[in-house]
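Colleague: Take a look at the following structure, please.
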Protein chains: 2
Amino acid sequence: MKALSSRENPRYKTLRALAGHAGRRGEATLLEGVHLCQAWLDRGLPVVQAIFDADRLAQPALAALAARVPAAQAVALAPRLLAGLESVETGQGVLFVVQPPAPALPARLADASLWLDRVQDPGNVGTLLRTAAAAGIRRVLLSAGCAAAWSPKVLRSAQGAHVALAIHEQVDLLAARTQLDVPLVVSTLEAAEDLYDAELPAACAWVFGHEGQGVAPALQAVADRRIRIAHDAQAVESLNVAAAAAICLFEQRRRHRQGSAPAVAPAAQ
Amino acid sequence: MKALSSRENPRYKTLRALAGHAGRRGEATLLEGVHLCQAWLDRGLPVVQAIFDADRLAQPALAALAARVPAAQAVALAPRLLAGLESVETGQGVLFVVQPPAPALPARLADASLWLDRVQDPGNVGTLLRTAAAAGIRRVLLSAGCAAAWSPKVLRSAQGAHVALAIHEQVDLLAARTQLDVPLVVSTLEAAEDLYDAELPAACAWVFGHEGQGVAPALQAVADRRIRIAHDAQAVESLNVAAAAAICLFEQRRRHRQGSAPAVAPAAQ
């Protein structure tokens with residue numbers, strides 16, 4: 001393992017530059033923390049560089065990670081240099097430089113998926129990925145205008161969901177509509193059925209939209225169902241997009257869970 | 001209305017200092033944006049200072065707000081000075097300095113409430129307040145160790161929920177348990193009933209905990225019900241706390257909504 005302790009080292013300068021634009025379209029990104037780096041290796045994905053806190057390399061969790069990475073890719077970094085790469089104040093002493101997978105969109109989309117239309121906030125995008133994975137969804141499509149899915153902020157919010165998902169960025173969602181073999185279900189406040197009265201298919205493509213503007217009208221127009229969550233509108237105008245998605249995805253999961261009644265509107269139960 | 005255009009003005013310096021620690025316990029805070037300032041006035045709450053972008057005062061939304069504030073409290077600020085107070089990049093040209101209400105905890109707690117045990121992330125706390133208000137809850141208790149409820153980040157995430165809620169900060173939740181006349185329902189991953197199998201009372205105190213550690217064991221020990229949300233644990237370890245709360249609060253709302261079946265476990269439906 002190479003040791004690195006000078007800020008002037010060209011390899012460190014390259015890492016510093018990467019930390020500033022990690023996860024931007026097509027670029028490498030930084031995975032932070034033991035859990036995420038473990039999950040990455042567990043999926044058999046390649047590591048460009050594995051960076052460890054030189055002072056903490058003896059810790060069992062870090063030593064175990066180091067043992068799984070080819071020595072040529074591993075770097076022991078002086079702690080004060082590592083701090084310049086981490087996005088959190090108290091990191092765990094390990095960072096992986098990786099190239100995010102960029103899976104091709106299948107010709108036909110027959111599985112459950114989550115579609116995000118210009119969701120801008122990295123925390124929201126990360127929570128949406130995490131909630132989708134928790135609900136059993138394995139594919140997420142993001143339009144242009146969404147926060148970059150592999151940025152450190154999104155990675156942190158998603159808590160490992162990235163490695164469980166096929167993530168497609170910069171997707172033309174209107175074009176993807178034509179590849180869809182399951183219903184397109186849009187969350188919207190206007191001219192929509194109440195979530196609890198609507199029939200929810202076992203698998204569908206759920207669309208959630210921009211924090212202020214919601215789902216684009218053109219995409220709403222090609223939806224099979226338009227769903228709204230009735231809420232106390234005197235108190236707040238709307239729900240947070242990630243909260244709304246959690247409610248919808250888990251209501252669908254409740255309806256179709258094993259041992260539960262078949263999917264029918266509650267009114268008919 | 002007083003005009004202010006120098007960084008050296010003592011009143012501006014005081015505002016700059018406030019922007020650095022707004023909403024800390026017992027201190028004044030800054031409400032940003034037309035919607036929140038309107039909601040504040042609509043509730044008849046007092047404004048310490050109303051600060052407007054001098055160049056945008058003619059805009060109808062700002063002019064309407066200015067007309068509702070006593071002239072002695074209003075300040076027209078040079079735009080470049082205003083930027084030094086706002087927490088967002090593109091503000092709407094209005095900020096209110098206000099003293100957050102600090103309502104006393106009633107002797108008996110008989111209404112529905114949301115309890116937060118050391119929830120640290122301001123975005124999570126704000127989303128939790130917004131979701132609670134949307135679900136019809138009107139009272140929130142925060143333990144020591146939670147993000148400051150009236151900080152600009154929490155205010156921004158909550159999207160106006162603050163004015164719909166009685167917010168109690170720095171509450172000893174174990175002590176508050178003795179004042180409770182409705183069930184205490186804790187969200188936890190261990191030794192808990194499945195949300196969809198559990199009976200949910202129409203009104204209860206819901207407890208959600210620290211992002212990493214969950215609800216403190218001592219508080220779990222005095223709960224009437226322990227609830228977990230079954231999720232795909234192979235994909236992610238847990239749900240985001242605000243997503244989990246959205247699922248629980250709206251499942252309770254679904255069960256008790258008008259015209260729906262009485263609250264029984266789905267298995268019995």
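Simple scheme: letters A, B, ... for chains in structure tokens order, numbers from 1 for residues in each chain, numbers from 1 for ligands in the order shown.
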Give me, as a Markdown table, the closest atom pair and its distance (Å, one decimal) for every residue of chain B within a cut-off of 6 Å of chain A, counting only C-alpha atoms, rows sorted by chain and rising number.
Modeller:
```
| residue | atom | partner | partner_atom | distance |
| --- | --- | --- | --- | --- |
| B:Ala133 | CA | A:Ala235 | CA | 5.7 |
| B:Ala134 | CA | A:Asp232 | CA | 4.8 |
| B:Ala135 | CA | A:His231 | CA | 5.9 |
| B:Gly136 | CA | A:Asp232 | CA | 5.7 |
| B:Ala161 | CA | A:Val236 | CA | 5.8 |
| B:Ala164 | CA | A:Ala235 | CA | 5.4 |
| B:His231 | CA | A:Ala134 | CA | 5.1 |
| B:Asp232 | CA | A:Ala134 | CA | 4.7 |
| B:Ala235 | CA | A:Ala164 | CA | 5.4 |
| B:Val236 | CA | A:Ala161 | CA | 5.8 |
| B:Ala243 | CA | A:Ala243 | CA | 5.2 |
| B:Ala246 | CA | A:Ala243 | CA | 5.6 |
| B:Ile247 | CA | A:Ile247 | CA | 4.9 |
```
Colleague: Need the shell around Leu81 of chain A: protein/DNA/RNA residues with any atom at most 10 Å away, counting only C-alpha atoms. Skip same-chain ones fewer than 3 positions apart. Format as number ranges by chain?
Modeller: A: 4-7, 12, 16, 53, 77-78, 84-86
Colleague: Give me the residues near segment 202-206 of chain B as a list in words, where near means some atom within 9 Å (using only C-alpha atoms) and where sequence neighbours in that chain fewer than 6 positions away do not count.
Modeller: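 In the requested format, the answer is Leu109, Ala110, Asp111, Ala112, Ser113, Leu114, Trp115, Leu116, Leu180, Asp181, Val182, Pro183, Leu184, Val185, Val186, Ser187, Ala245, Cys248, Leu249, Gln252, Arg253, Arg255, His256 and Ala263 of chain B.
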Colleague: Just C-alpha atoms for this one: save the residues we selected as an mmCIF file, in the first residue's frame.
Modeller:
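Output file result-v6.cif is given in full below:
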```
data_model
loop_
_atom_site.group_PDB
_atom_site.id
_atom_site.type_symbol
_atom_site.label_atom_id
_atom_site.label_comp_id
_atom_site.auth_asym_id
_atom_site.auth_seq_id
_atom_site.Cartn_x
_atom_site.Cartn_y
_atom_site.Cartn_z
ATOM 1 C CA LEU B 109 -51.481 15.456 27.064
ATOM 2 C CA ALA B 110 -54.711 14.075 25.625
ATOM 3 C CA ASP B 111 -54.310 15.008 21.964
ATOM 4 C CA ALA B 112 -52.342 13.329 19.191
ATOM 5 C CA SER B 113 -48.685 14.292 19.199
ATOM 6 C CA LEU B 114 -45.329 13.557 17.596
ATOM 7 C CA TRP B 115 -42.316 13.020 19.869
ATOM 8 C CA LEU B 116 -38.786 13.267 18.499
ATOM 9 C CA LEU B 180 -49.942 11.301 28.725
ATOM 10 C CA ASP B 181 -53.617 10.314 28.446
ATOM 11 C CA VAL B 182 -53.252 8.538 25.065
ATOM 12 C CA PRO B 183 -51.076 5.526 24.187
ATOM 13 C CA LEU B 184 -47.359 5.981 23.604
ATOM 14 C CA VAL B 185 -46.399 4.272 20.318
ATOM 15 C CA VAL B 186 -42.704 3.821 19.570
ATOM 16 C CA SER B 187 -41.192 3.092 16.160
ATOM 17 C CA ALA B 245 -42.922 8.581 10.233
ATOM 18 C CA CYS B 248 -46.866 5.338 10.174
ATOM 19 C CA LEU B 249 -48.802 8.594 10.472
ATOM 20 C CA GLN B 252 -53.067 5.638 11.081
ATOM 21 C CA ARG B 253 -54.889 8.314 9.108
ATOM 22 C CA ARG B 255 -57.463 3.492 9.273
ATOM 23 C CA HIS B 256 -59.402 6.256 10.949
ATOM 24 C CA ALA B 263 -59.452 0.340 13.174
#
```
Colleague: Using DSSP on the backbone, list every residue of segment 73-111 of chain B that comes out as strand (DSSP E), and give them as a list of chain:residue names.
Modeller: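 Reading the DSSP output for segment 73-111 of chain B, strand (DSSP E) covers B:Ala74, B:Val75, B:Ala76, B:Leu77, B:Val94, B:Leu95, B:Phe96, B:Val97, B:Val98.
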Colleague: Could you pull the residues within 8 Å of Leu62 of chain B, counting only C-alpha atoms, minus those fewer than 4 positions along the same chain, as JSON, numbers by chain?
Modeller: {"B": [34, 52, 56, 57, 58, 66, 93, 94]}
Colleague: Keeping all heavy atoms for every residue in the selection just given, could you write it to a file as an mmCIF file, in the first residue's frame?
Modeller:
```cif
data_model
loop_
_atom_site.group_PDB
_atom_site.id
_atom_site.type_symbol
_atom_site.label_atom_id
_atom_site.label_comp_id
_atom_site.auth_asym_id
_atom_site.auth_seq_id
_atom_site.Cartn_x
_atom_site.Cartn_y
_atom_site.Cartn_z
ATOM 1 N N VAL B 34 -42.073 34.786 1.297
ATOM 2 C CA VAL B 34 -43.406 35.385 1.355
ATOM 3 C C VAL B 34 -44.384 34.487 2.103
ATOM 4 O O VAL B 34 -45.119 34.926 2.992
ATOM 5 C CB VAL B 34 -43.926 35.660 -0.080
ATOM 6 C CG1 VAL B 34 -45.393 36.089 -0.061
ATOM 7 C CG2 VAL B 34 -43.056 36.728 -0.752
ATOM 8 N N PHE B 52 -37.085 44.052 4.148
ATOM 9 C CA PHE B 52 -37.455 43.912 2.745
ATOM 10 C C PHE B 52 -36.287 44.300 1.849
ATOM 11 O O PHE B 52 -35.493 45.174 2.199
ATOM 12 C CB PHE B 52 -38.657 44.805 2.420
ATOM 13 C CG PHE B 52 -39.891 44.442 3.184
ATOM 14 C CD1 PHE B 52 -40.213 45.098 4.383
ATOM 15 C CD2 PHE B 52 -40.738 43.442 2.723
ATOM 16 C CE1 PHE B 52 -41.355 44.744 5.095
ATOM 17 C CE2 PHE B 52 -41.883 43.095 3.425
ATOM 18 C CZ PHE B 52 -42.192 43.742 4.620
ATOM 19 N N ARG B 56 -37.095 45.585 -4.385
ATOM 20 C CA ARG B 56 -38.255 44.778 -4.773
ATOM 21 C C ARG B 56 -39.515 45.142 -4.001
ATOM 22 O O ARG B 56 -40.540 44.459 -4.115
ATOM 23 C CB ARG B 56 -37.944 43.287 -4.568
ATOM 24 C CG ARG B 56 -36.962 42.749 -5.605
ATOM 25 C CD ARG B 56 -36.891 41.236 -5.565
ATOM 26 N NE ARG B 56 -35.840 40.764 -4.680
ATOM 27 C CZ ARG B 56 -35.613 39.473 -4.403
ATOM 28 N NH1 ARG B 56 -36.389 38.537 -4.918
ATOM 29 N NH2 ARG B 56 -34.627 39.108 -3.598
ATOM 30 N N LEU B 57 -39.439 46.235 -3.252
ATOM 31 C CA LEU B 57 -40.579 46.593 -2.397
ATOM 32 C C LEU B 57 -41.853 46.882 -3.175
ATOM 33 O O LEU B 57 -42.963 46.796 -2.635
ATOM 34 C CB LEU B 57 -40.221 47.800 -1.531
ATOM 35 C CG LEU B 57 -40.035 47.496 -0.043
ATOM 36 C CD1 LEU B 57 -39.542 48.731 0.682
ATOM 37 C CD2 LEU B 57 -41.333 46.999 0.578
ATOM 38 N N ALA B 58 -41.692 47.203 -4.451
ATOM 39 C CA ALA B 58 -42.877 47.525 -5.256
ATOM 40 C C ALA B 58 -43.609 46.268 -5.711
ATOM 41 O O ALA B 58 -44.754 46.333 -6.164
ATOM 42 C CB ALA B 58 -42.472 48.365 -6.469
ATOM 43 N N ALA B 66 -45.619 44.372 3.566
ATOM 44 C CA ALA B 66 -45.161 45.613 4.205
ATOM 45 C C ALA B 66 -46.336 46.395 4.778
ATOM 46 O O ALA B 66 -46.235 47.009 5.852
ATOM 47 C CB ALA B 66 -44.373 46.458 3.203
ATOM 48 N N GLY B 93 -36.796 38.177 -1.078
ATOM 49 C CA GLY B 93 -36.765 39.605 -0.775
ATOM 50 C C GLY B 93 -37.449 39.995 0.521
ATOM 51 O O GLY B 93 -37.668 41.182 0.757
ATOM 52 N N VAL B 94 -37.792 39.029 1.356
ATOM 53 C CA VAL B 94 -38.385 39.377 2.651
ATOM 54 C C VAL B 94 -37.933 38.405 3.727
ATOM 55 O O VAL B 94 -37.814 37.198 3.496
ATOM 56 C CB VAL B 94 -39.934 39.409 2.573
ATOM 57 C CG1 VAL B 94 -40.508 38.064 2.131
ATOM 58 C CG2 VAL B 94 -40.533 39.835 3.918
#
```
Colleague: Determine, counting only C-alpha atoms, which protein, DNA and RNA residues have an atom within 6 Å of an atom of Asp194 of chain B; residues of the same chain fewer than 3 positions away are not included. Present the result as a list in words.
Modeller: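 Surrounding residues, per the criterion: Asp197, Ile227, Arg228 and Ile229 of chain B.
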Colleague: Which distance in Å separates atom CA of Gly212 of chain A and atom CA of Leu142 of chain A, to one decimal?
Modeller: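 It comes out at 16.8 Å.
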Colleague: List as an MDAnalysis selection string the protein and nucleic acid residues near Ala71 of chain B, meaning an atom at most 10 Å away when only C-alpha atoms are counted, but skip any in the same chain fewer than 6 places from it.
Modeller: chainID B and resid 1:2 49:50
Colleague: What are the DSSP alpha helix (DSSP H) residues of segment 2-171 of chain B, as number ranges by chain?
Modeller: B: 10-21, 34-42, 60-67, 79-82, 122-134, 152-158
Colleague: For those residues, write C-alpha atoms to a file as an mmCIF file, in the first residue's frame.
Modeller:
```cif
data_model
loop_
_atom_site.group_PDB
_atom_site.id
_atom_site.type_symbol
_atom_site.label_atom_id
_atom_site.label_comp_id
_atom_site.auth_asym_id
_atom_site.auth_seq_id
_atom_site.Cartn_x
_atom_site.Cartn_y
_atom_site.Cartn_z
ATOM 1 C CA PRO B 10 -24.990 48.649 14.006
ATOM 2 C CA ARG B 11 -28.523 47.437 13.279
ATOM 3 C CA TYR B 12 -27.243 45.488 10.263
ATOM 4 C CA LYS B 13 -24.360 44.072 12.289
ATOM 5 C CA THR B 14 -26.874 42.813 14.861
ATOM 6 C CA LEU B 15 -28.882 41.168 12.079
ATOM 7 C CA ARG B 16 -25.764 39.517 10.653
ATOM 8 C CA ALA B 17 -24.946 38.093 14.068
ATOM 9 C CA LEU B 18 -28.525 36.829 14.428
ATOM 10 C CA ALA B 19 -28.336 35.075 11.041
ATOM 11 C CA GLY B 20 -25.436 33.036 12.436
ATOM 12 C CA HIS B 21 -27.349 31.600 15.381
ATOM 13 C CA VAL B 34 -43.406 35.385 1.355
ATOM 14 C CA HIS B 35 -45.399 32.281 2.297
ATOM 15 C CA LEU B 36 -43.962 31.820 5.767
ATOM 16 C CA CYS B 37 -44.131 35.514 6.654
ATOM 17 C CA GLN B 38 -47.756 35.632 5.485
ATOM 18 C CA ALA B 39 -48.633 32.562 7.564
ATOM 19 C CA TRP B 40 -46.993 34.162 10.594
ATOM 20 C CA LEU B 41 -49.073 37.343 10.242
ATOM 21 C CA ASP B 42 -52.210 35.300 9.542
ATOM 22 C CA PRO B 60 -47.252 43.153 -5.007
ATOM 23 C CA ALA B 61 -46.450 40.254 -2.632
ATOM 24 C CA LEU B 62 -43.833 42.272 -0.737
ATOM 25 C CA ALA B 63 -45.917 45.440 -0.746
ATOM 26 C CA ALA B 64 -48.854 43.503 0.715
ATOM 27 C CA LEU B 65 -46.663 42.181 3.526
ATOM 28 C CA ALA B 66 -45.161 45.613 4.205
ATOM 29 C CA ALA B 67 -48.651 47.069 4.527
ATOM 30 C CA PRO B 79 -30.038 43.874 -1.862
ATOM 31 C CA ARG B 80 -26.364 43.086 -1.312
ATOM 32 C CA LEU B 81 -26.899 43.395 2.450
ATOM 33 C CA LEU B 82 -29.990 41.179 2.359
ATOM 34 C CA PRO B 122 -32.381 19.652 10.457
ATOM 35 C CA GLY B 123 -33.854 18.420 7.167
ATOM 36 C CA ASN B 124 -35.322 15.401 8.939
ATOM 37 C CA VAL B 125 -36.774 17.498 11.766
ATOM 38 C CA GLY B 126 -38.328 19.922 9.267
ATOM 39 C CA THR B 127 -39.826 17.131 7.169
ATOM 40 C CA LEU B 128 -41.166 15.463 10.333
ATOM 41 C CA LEU B 129 -42.905 18.692 11.375
ATOM 42 C CA ARG B 130 -44.372 19.082 7.872
ATOM 43 C CA THR B 131 -45.594 15.479 7.761
ATOM 44 C CA ALA B 132 -47.097 15.700 11.257
ATOM 45 C CA ALA B 133 -49.031 18.852 10.342
ATOM 46 C CA ALA B 134 -50.171 17.231 7.080
ATOM 47 C CA PRO B 152 -33.533 28.432 9.181
ATOM 48 C CA LYS B 153 -32.829 24.928 7.805
ATOM 49 C CA VAL B 154 -35.649 23.340 9.798
ATOM 50 C CA LEU B 155 -38.001 26.202 8.919
ATOM 51 C CA ARG B 156 -37.215 25.742 5.240
ATOM 52 C CA SER B 157 -37.836 21.979 5.297
ATOM 53 C CA ALA B 158 -41.052 22.353 7.270
#
```
Colleague: For Gln59 of chain B, which residue among B:Gln92, B:Gln170, B:Ser151, B:Gln120 is the nearest when counting only C-alpha atoms?
Modeller: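 Comparing B:Gln92, B:Gln170, B:Ser151, B:Gln120 against Gln59 of chain B, the winner is B:Gln92.
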Colleague: Report the distance between atom CA of Asp224 of chain A and atom CA of Val171 of chain A in Å, rounded to one decimal place.
Modeller: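 Taking atom CA of Asp224 of chain A and atom CA of Val171 of chain A, their separation equals 19.6 Å.
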